[in-house]
Amino acid sequence: MLANLAKKMFSKSLWVYHCNSGACNGCDIEILNVLTPYYDVERFGIKLVSSPRHADVMLISGAVTRATLPLVKRVYQAMPAPKLVFGIGSCTIGGNMWFDCYNVCGGAEKAVPVNYFVPGCPPRPEAIIYGVALALGLVDKKAAPIELKQMEFPIDIYERNKAWEERNVIYKLLDD
Amino acid sequence: MPRIEEVTQQLSNKFKDGITGIDQPGATQFFADIKKEKVKDICNEIIKMGGRYLVSIGYDNIARDQTLGMIHTFAFDRDNIFCGIRTSVPEQNPVMDSITPDIPNAGWSEREYIDHLGMKFSGHPKPKRLILSDDWPEGLYPLRKSVPWNIQPPSAEGVAYQLDECPEGCTVVPVGPYHPTLHEPAHFALYVDGETIKGCDYRGFMVHRGIEKLCQTQLTYNEIPFVAERICGICGSVHATSYAQSVETAGNIKISRRAEYIRTIMLEIERVHSHLLWLGVAGHLIGFNTVFMHSWRVREPVMWLGERMTGNRKTYGMIVVGGVRRDITPEIKQDILNVMKKIEEELIVIKNAIVGDTSIHKRTKNVGRITKEDAIKWSLVGPVARARGVDIDVRRDHPYAAYDDMQFSVPVVDTCDVWGTVLVRVLETFESIHIIRQALDKMPDDGPILTELAEPIAPFKHAIAGVEAPRGEVVHYIITGEENRPERWRVRAPTYPNLQGVPLMLLNNELADAPIIIGSIDPCFSCTERVQVVDIRSGGVKVLSKAELEAFAKKK
């Protein structure tokens, strides 16, 4: 349902706001990197804006620290609805290796509702573009292979695990 | 007599019973145990002898002798010496003299231990909260051993950091925590009179994640390099190398020459990528997006090269204690040479464009000016110091990895402004390419890349290691511990000293130049991972006619 909604609401140019909630800079330079000539997301109408009040989408990177928790919440409130939140990098997914440190609250979900995650440490620029475009249904037109049309997430972990198990069964039979 | 013995002898002659012992584990570093009453005199004496302040390390020693330890570290750059001045204060009354009035750069280090260990410094000019968030309860000191790493005190509402008082007649312009010119959260309060900045207060340390505590309590020696890489996503290998070197020094591990060469190549590849990145960001900050686009376009092949060499575009995961994880094969070697050739060609074009562009000159020349004396006084490091005529570079002064075999020059300019930092960084990129070529040429053809550790690392050894990061000098201090993990690990990133000098650079500049001045130090808050300086100075004497003009302008 989210995919349909996103497709309907954000079918035109998308303005994104980049919010660092305690990242190491690795994800941040990859987010900036998607604007540069080799990746150039502006050809999809995606533009990085400097104020949350202009933004449709928030890209959040890094684990949420104690000091940034109230600030990230305020940034989210400043964005006009409808809005989407993307967690960029593994730290947003539950906080990564600092998930229980004394000054860290946890992943991005502790502060704002996250709609999509792009994993990686840091995620490749291709992964970021792919994640955003897939969520918004943009890849239908330009970039995605056709067999991925129905997918909501870039990687369906359950499907992959199942395939892995099946393959292993075959290997075991061969061993015997 | 080697210089290190001269220094130790001179110190022990001057402060006979103030120094209780001198420990000299190697030819390049020594540690002096001193009485806490003498800390100020001895630190001043070392500065007088030509030492440069690095960082202070506080640690919890309560379990052994009921004290909190404190170490001030210094470097003698011309003589390749690191020294640590160790002292301690009783847990019941943890008060010692502050060295900040004489060495302003120690301000943050001391405030850090007010927060983290509950120490007190008499005579500190600004004993405010630095690292911990505003709602952290008083009296709970996270770096003490009795406090678990995962303690989560309840949050509180309505607690806010008290910024310094605004000088008379000035207006506060807040920058951040989320602001277009800052890609990381940090708060600057600029006090402006008209368009002129008259002072600045900084509240940062919002990305403090507690890495030091995590590594001291949960991880083991060979897991930490990977966490160290995630201190900073831009100069990750630098932190991993620095950490690995400090453990190797403390544990007396000798790594193979080939591994040292591979480390050198990784560090220089990282420098090429980081300087190009900064050049782009600097262009963006002065509103010249063509520079941003072009330098990032030139940089991109370095990222692809990193991926082919290590499997990841950034956070390479190459360096571990005892060597490196992946070898450089002949194919990769040719690949590196090809990429470097292409980058050099394109960089020459960019350099010529920048040097010949009047708008960049106008935005950066005479902006953020500070004198060489101030730069030395505030212990600035890296390109920021070299743009002010301070000739320091860890690669040359304290050779590590394979830099003792390399021939390179250290670009130093004396324009003392932001233009100088642009120039230094561009010239350094060419030097890096030169070093990579040399290293590939001179690298021994075979040999192990990873040295197995023969025996466990002995506990309670101290070691300092410095590495020249793209932004300046990274210092790691380690005290080895039991259970296969460090007892204390202290990271000092280059932004830590440089950010303390920013209020000085901002003073009396135009408000519109603030982003590029803050940007000129290549701030990396995630490395620095701590908070804050305040420094308000009164404006200088103005020519009357100018004052009248300004008053008229403000009145409208």
# chains A, B, ... in the order shown; residues from 1 in each chain; ligands from 1
$ closest_atom_pairs --of "chain A" --to "chain B" --cutoff "6 Å" --atoms "only C-alpha atoms" --output "CSV"
residue,atom,partner,partner_atom,distance
A:Asn20,CA,B:Glu184,CA,5.6
A:Gly22,CA,B:Val207,CA,4.3
A:Cys24,CA,B:Cys232,CA,4.7
A:Asn25,CA,B:Gly233,CA,4.8
A:Gly26,CA,B:Gly233,CA,3.8
A:Thr36,CA,B:Met293,CA,5.5
A:Pro37,CA,B:Arg297,CA,6.0
A:Ser50,CA,B:Pro180,CA,4.9
A:Ala67,CA,B:Ser133,CA,5.1
A:Asp100,CA,B:Asn150,CA,5.2
A:Cys101,CA,B:Asn150,CA,4.7
A:Tyr102,CA,B:Asn150,CA,4.8
A:Asn103,CA,B:Arg209,CA,5.5
A:Val104,CA,B:Arg209,CA,5.9
$ residues_around --residues "B:Asn80" --least-positions-apart "4" --cutoff "8 Å" --atoms "only C-alpha atoms" --output "VMD selection string"
chain B and resid 28 75 to 76 397 to 399
$ write_last_selection --atoms "all heavy atoms" --output "tab-separated table (two decimals), in the first residue's frame"
chain	number	residue	atom	x	y	z
B	28	THR	N	61.86	6.66	20.79
B	28	THR	CA	61.12	7.84	20.36
B	28	THR	C	60.09	8.33	21.38
B	28	THR	O	59.45	9.33	21.14
B	28	THR	CB	60.38	7.56	19.05
B	28	THR	OG1	59.53	6.43	19.25
B	28	THR	CG2	61.33	7.29	17.91
B	75	ALA	N	54.71	16.65	21.86
B	75	ALA	CA	55.59	16.13	20.80
B	75	ALA	C	56.71	17.12	20.58
B	75	ALA	O	56.49	18.34	20.61
B	75	ALA	CB	54.80	15.95	19.51
B	76	PHE	N	57.92	16.59	20.37
B	76	PHE	CA	59.04	17.42	19.93
B	76	PHE	C	59.23	17.09	18.46
B	76	PHE	O	59.77	16.04	18.11
B	76	PHE	CB	60.31	17.10	20.73
B	76	PHE	CG	60.23	17.50	22.17
B	76	PHE	CD1	59.66	16.66	23.11
B	76	PHE	CD2	60.71	18.73	22.58
B	76	PHE	CE1	59.57	17.04	24.43
B	76	PHE	CE2	60.62	19.11	23.90
B	76	PHE	CZ	60.05	18.26	24.84
B	397	ASP	N	58.13	14.23	10.44
B	397	ASP	CA	58.72	14.48	11.76
B	397	ASP	C	58.76	13.23	12.63
B	397	ASP	O	59.68	13.06	13.43
B	397	ASP	CB	57.94	15.58	12.48
B	397	ASP	CG	57.96	16.88	11.72
B	397	ASP	OD1	58.91	17.07	10.94
B	397	ASP	OD2	57.05	17.69	11.89
B	398	HIS	N	57.74	12.41	12.53
B	398	HIS	CA	57.70	11.17	13.33
B	398	HIS	C	57.43	10.02	12.38
B	398	HIS	O	56.32	9.48	12.38
B	398	HIS	CB	56.60	11.24	14.39
B	398	HIS	CG	56.66	12.44	15.26
B	398	HIS	ND1	57.42	12.50	16.40
B	398	HIS	CD2	56.07	13.64	15.16
B	398	HIS	CE1	57.29	13.69	16.96
B	398	HIS	NE2	56.47	14.40	16.23
B	399	PRO	N	58.39	9.63	11.54
B	399	PRO	CA	58.07	8.68	10.47
B	399	PRO	C	57.47	7.38	11.00
B	399	PRO	O	57.93	6.84	12.00
B	399	PRO	CB	59.41	8.41	9.81
B	399	PRO	CG	60.36	9.38	10.35
B	399	PRO	CD	59.80	9.99	11.58
$ atom_distance --atom1 "atom CA of B:His462" --atom2 "atom CA of B:Tyr477"
7.4 Å
$ residues_around --residues "A:Val75" --least-positions-apart "3" --cutoff "12 Å" --atoms "only C-alpha atoms" --output "PyMOL selection string"
(chain A and resi 17-21+50-55+57-60+68-72+78-80+83+85+111-112) or (chain B and resi 176-179+185)
$ write_last_selection --atoms "N, CA, C and O atoms" --output "CSV table (one decimal), in the first residue's frame"
chain,number,residue,atom,x,y,z
A,17,TYR,N,15.8,16.0,1.9
A,17,TYR,CA,16.6,16.7,3.0
A,17,TYR,C,17.4,15.7,3.7
A,17,TYR,O,17.0,14.6,4.0
A,18,HIS,N,18.7,16.0,3.9
A,18,HIS,CA,19.6,15.1,4.5
A,18,HIS,C,19.9,15.5,5.9
A,18,HIS,O,20.2,16.6,6.2
A,19,CYS,N,19.6,14.5,6.8
A,19,CYS,CA,19.7,14.7,8.2
A,19,CYS,C,20.7,13.7,8.8
A,19,CYS,O,20.5,12.5,8.8
A,20,ASN,N,21.8,14.2,9.4
A,20,ASN,CA,22.8,13.4,10.0
A,20,ASN,C,22.5,13.3,11.5
A,20,ASN,O,22.5,14.3,12.2
A,21,SER,N,22.1,12.2,12.0
A,21,SER,CA,21.7,12.1,13.4
A,21,SER,C,22.8,11.5,14.3
A,21,SER,O,22.6,11.1,15.4
A,50,SER,N,18.1,22.4,1.3
A,50,SER,CA,18.8,22.7,2.6
A,50,SER,C,17.8,22.9,3.7
A,50,SER,O,18.3,23.0,4.9
A,51,SER,N,16.5,23.0,3.5
A,51,SER,CA,15.6,23.2,4.6
A,51,SER,C,14.6,22.1,4.7
A,51,SER,O,14.1,21.7,3.6
A,52,PRO,N,14.3,21.6,5.8
A,52,PRO,CA,13.3,20.5,5.9
A,52,PRO,C,11.9,21.0,5.5
A,52,PRO,O,11.1,20.2,5.1
A,53,ARG,N,11.7,22.3,5.5
A,53,ARG,CA,10.4,22.8,5.1
A,53,ARG,C,10.1,22.7,3.6
A,53,ARG,O,9.0,22.9,3.2
A,54,HIS,N,11.2,22.5,2.9
A,54,HIS,CA,11.0,22.4,1.4
A,54,HIS,C,11.0,20.9,1.0
A,54,HIS,O,10.8,20.7,-0.2
A,55,ALA,N,11.1,20.0,1.9
A,55,ALA,CA,11.4,18.7,1.5
A,55,ALA,C,10.2,17.7,1.5
A,55,ALA,O,9.3,17.9,2.3
A,57,VAL,N,11.1,14.3,1.3
A,57,VAL,CA,11.7,13.1,1.8
A,57,VAL,C,12.9,13.4,2.7
A,57,VAL,O,13.6,14.4,2.5
A,58,MET,N,13.0,12.7,3.8
A,58,MET,CA,14.1,12.9,4.7
A,58,MET,C,15.0,11.7,4.6
A,58,MET,O,14.6,10.6,4.7
A,59,LEU,N,16.3,11.9,4.3
A,59,LEU,CA,17.3,10.8,4.3
A,59,LEU,C,18.0,11.0,5.7
A,59,LEU,O,18.7,11.9,5.9
A,60,ILE,N,17.8,10.0,6.5
A,60,ILE,CA,18.5,10.0,7.8
A,60,ILE,C,19.6,9.1,7.9
A,60,ILE,O,19.5,8.0,7.4
A,68,THR,N,21.0,14.3,19.7
A,68,THR,CA,20.3,14.7,18.5
A,68,THR,C,18.8,14.2,18.5
A,68,THR,O,18.0,14.6,17.6
A,69,LEU,N,18.4,13.3,19.5
A,69,LEU,CA,17.1,12.8,19.5
A,69,LEU,C,16.0,13.8,19.4
A,69,LEU,O,15.1,13.8,18.5
A,70,PRO,N,16.0,14.8,20.3
A,70,PRO,CA,14.9,15.9,20.2
A,70,PRO,C,15.0,16.7,18.9
A,70,PRO,O,14.0,17.1,18.3
A,71,LEU,N,16.3,16.9,18.4
A,71,LEU,CA,16.5,17.7,17.2
A,71,LEU,C,15.9,17.0,16.0
A,71,LEU,O,15.3,17.7,15.2
A,72,VAL,N,16.2,15.7,15.9
A,72,VAL,CA,15.7,15.0,14.7
A,72,VAL,C,14.2,15.0,14.7
A,72,VAL,O,13.5,15.1,13.7
A,78,ALA,N,9.0,19.6,11.2
A,78,ALA,CA,9.1,20.8,10.3
A,78,ALA,C,8.8,20.4,8.8
A,78,ALA,O,8.5,21.3,8.0
A,79,MET,N,8.8,19.1,8.5
A,79,MET,CA,8.5,18.8,7.1
A,79,MET,C,7.1,18.7,6.8
A,79,MET,O,6.3,18.2,7.7
A,80,PRO,N,6.6,19.3,5.7
A,80,PRO,CA,5.2,19.2,5.4
A,80,PRO,C,4.7,17.8,5.0
A,80,PRO,O,5.5,17.1,4.3
A,83,LYS,N,5.0,12.9,3.8
A,83,LYS,CA,6.5,12.9,3.8
A,83,LYS,C,6.9,11.4,4.0
A,83,LYS,O,6.2,10.6,4.5
A,85,VAL,N,10.4,8.9,5.0
A,85,VAL,CA,11.7,8.9,5.7
A,85,VAL,C,12.5,7.7,5.2
A,85,VAL,O,11.9,6.5,5.2
A,111,ALA,N,13.5,7.8,16.8
A,111,ALA,CA,13.2,9.2,16.7
A,111,ALA,C,12.0,9.4,15.8
A,111,ALA,O,11.1,10.2,16.1
A,112,VAL,N,12.0,8.8,14.6
A,112,VAL,CA,11.0,9.1,13.6
A,112,VAL,C,10.6,7.8,13.0
A,112,VAL,O,11.3,6.8,13.0
B,176,GLY,N,23.1,26.1,12.9
B,176,GLY,CA,22.9,24.8,13.3
B,176,GLY,C,21.9,24.6,14.4
B,176,GLY,O,21.3,25.6,14.8
B,177,PRO,N,21.7,23.4,15.0
B,177,PRO,CA,22.5,22.1,14.7
B,177,PRO,C,22.2,21.6,13.3
B,177,PRO,O,23.1,21.0,12.7
B,178,TYR,N,21.1,21.8,12.7
B,178,TYR,CA,20.9,21.4,11.3
B,178,TYR,C,20.8,22.6,10.4
B,178,TYR,O,19.9,23.4,10.5
B,179,HIS,N,21.9,22.7,9.6
B,179,HIS,CA,22.0,24.0,8.8
B,179,HIS,C,22.7,23.6,7.5
B,179,HIS,O,23.5,22.7,7.4
B,185,PRO,N,25.6,17.5,12.7
B,185,PRO,CA,24.9,18.4,13.7
B,185,PRO,C,26.0,19.1,14.6
B,185,PRO,O,26.8,18.4,15.2
$ atom_distance --atom1 "atom CA of B:Arg257" --atom2 "atom CA of B:Gly323"
9.3 Å
$ residues_around --residues "A:Gly107" --least-positions-apart "4" --cutoff "8 Å" --atoms "only C-alpha atoms" --output "ChimeraX atom specification"
/A:62-64,91-96,99,111
$ write_last_selection --atoms "C-alpha atoms" --output "JSON list (two decimals), in the first residue's frame"
[["chain", "number", "residue", "atom", "x", "y", "z"],
["A", 62, "GLY", "CA", 23.55, 7.27, 11.53],
["A", 63, "ALA", "CA", 22.46, 6.01, 14.91],
["A", 64, "VAL", "CA", 20.40, 8.51, 16.87],
["A", 91, "CYS", "CA", 23.39, 2.38, 11.72],
["A", 92, "THR", "CA", 19.82, 3.52, 11.13],
["A", 93, "ILE", "CA", 18.67, -0.08, 11.34],
["A", 94, "GLY", "CA", 18.64, -0.55, 15.08],
["A", 95, "GLY", "CA", 21.81, 1.40, 15.77],
["A", 96, "ASN", "CA", 24.42, -1.02, 14.44],
["A", 99, "PHE", "CA", 23.04, 0.29, 19.62],
["A", 111, "ALA", "CA", 13.19, 9.20, 16.69]]
$ residues_around --residues "B:Arg64" --least-positions-apart "6" --cutoff "12 Å" --atoms "only C-alpha atoms" --output "PyMOL selection string"
chain B and resi 90-91+145+460
$ write_last_selection --atoms "all heavy atoms" --output "mmCIF file, in the first residue's frame"
data_model
loop_
_atom_site.group_PDB
_atom_site.id
_atom_site.type_symbol
_atom_site.label_atom_id
_atom_site.label_comp_id
_atom_site.auth_asym_id
_atom_site.auth_seq_id
_atom_site.Cartn_x
_atom_site.Cartn_y
_atom_site.Cartn_z
ATOM 1 N N PRO B 90 43.737 11.812 43.922
ATOM 2 C CA PRO B 90 42.922 10.848 44.669
ATOM 3 C C PRO B 90 41.454 10.940 44.281
ATOM 4 O O PRO B 90 40.953 12.007 43.929
ATOM 5 C CB PRO B 90 43.137 11.265 46.131
ATOM 6 C CG PRO B 90 43.635 12.650 46.062
ATOM 7 C CD PRO B 90 44.372 12.801 44.778
ATOM 8 N N GLU B 91 40.780 9.774 44.353
ATOM 9 C CA GLU B 91 39.381 9.717 43.945
ATOM 10 C C GLU B 91 38.507 10.631 44.810
ATOM 11 O O GLU B 91 37.563 11.238 44.321
ATOM 12 C CB GLU B 91 38.899 8.255 44.060
ATOM 13 C CG GLU B 91 37.494 8.035 43.595
ATOM 14 C CD GLU B 91 36.823 6.883 44.318
ATOM 15 O OE1 GLU B 91 37.508 6.173 45.078
ATOM 16 O OE2 GLU B 91 35.622 6.705 44.126
ATOM 17 N N LYS B 145 35.127 2.966 35.675
ATOM 18 C CA LYS B 145 34.942 1.533 35.474
ATOM 19 C C LYS B 145 33.666 1.016 36.144
ATOM 20 O O LYS B 145 33.121 -0.006 35.746
ATOM 21 C CB LYS B 145 36.134 0.754 36.037
ATOM 22 C CG LYS B 145 37.438 1.119 35.386
ATOM 23 C CD LYS B 145 37.730 0.263 34.177
ATOM 24 C CE LYS B 145 39.016 0.715 33.540
ATOM 25 N NZ LYS B 145 39.087 0.468 32.134
ATOM 26 N N PHE B 460 49.189 -2.942 30.996
ATOM 27 C CA PHE B 460 49.622 -1.672 31.588
ATOM 28 C C PHE B 460 50.890 -1.100 30.971
ATOM 29 O O PHE B 460 51.742 -0.561 31.651
ATOM 30 C CB PHE B 460 49.745 -1.802 33.111
ATOM 31 C CG PHE B 460 48.516 -2.398 33.710
ATOM 32 C CD1 PHE B 460 48.553 -3.603 34.383
ATOM 33 C CD2 PHE B 460 47.296 -1.773 33.529
ATOM 34 C CE1 PHE B 460 47.401 -4.174 34.887
ATOM 35 C CE2 PHE B 460 46.131 -2.339 34.037
ATOM 36 C CZ PHE B 460 46.181 -3.537 34.715
#
$ closest_residue --among "A:Thr65, A:Asn4, A:Asn33, A:Gln77" --to "A:Leu48" --atoms "only C-alpha atoms"
A:Asn33
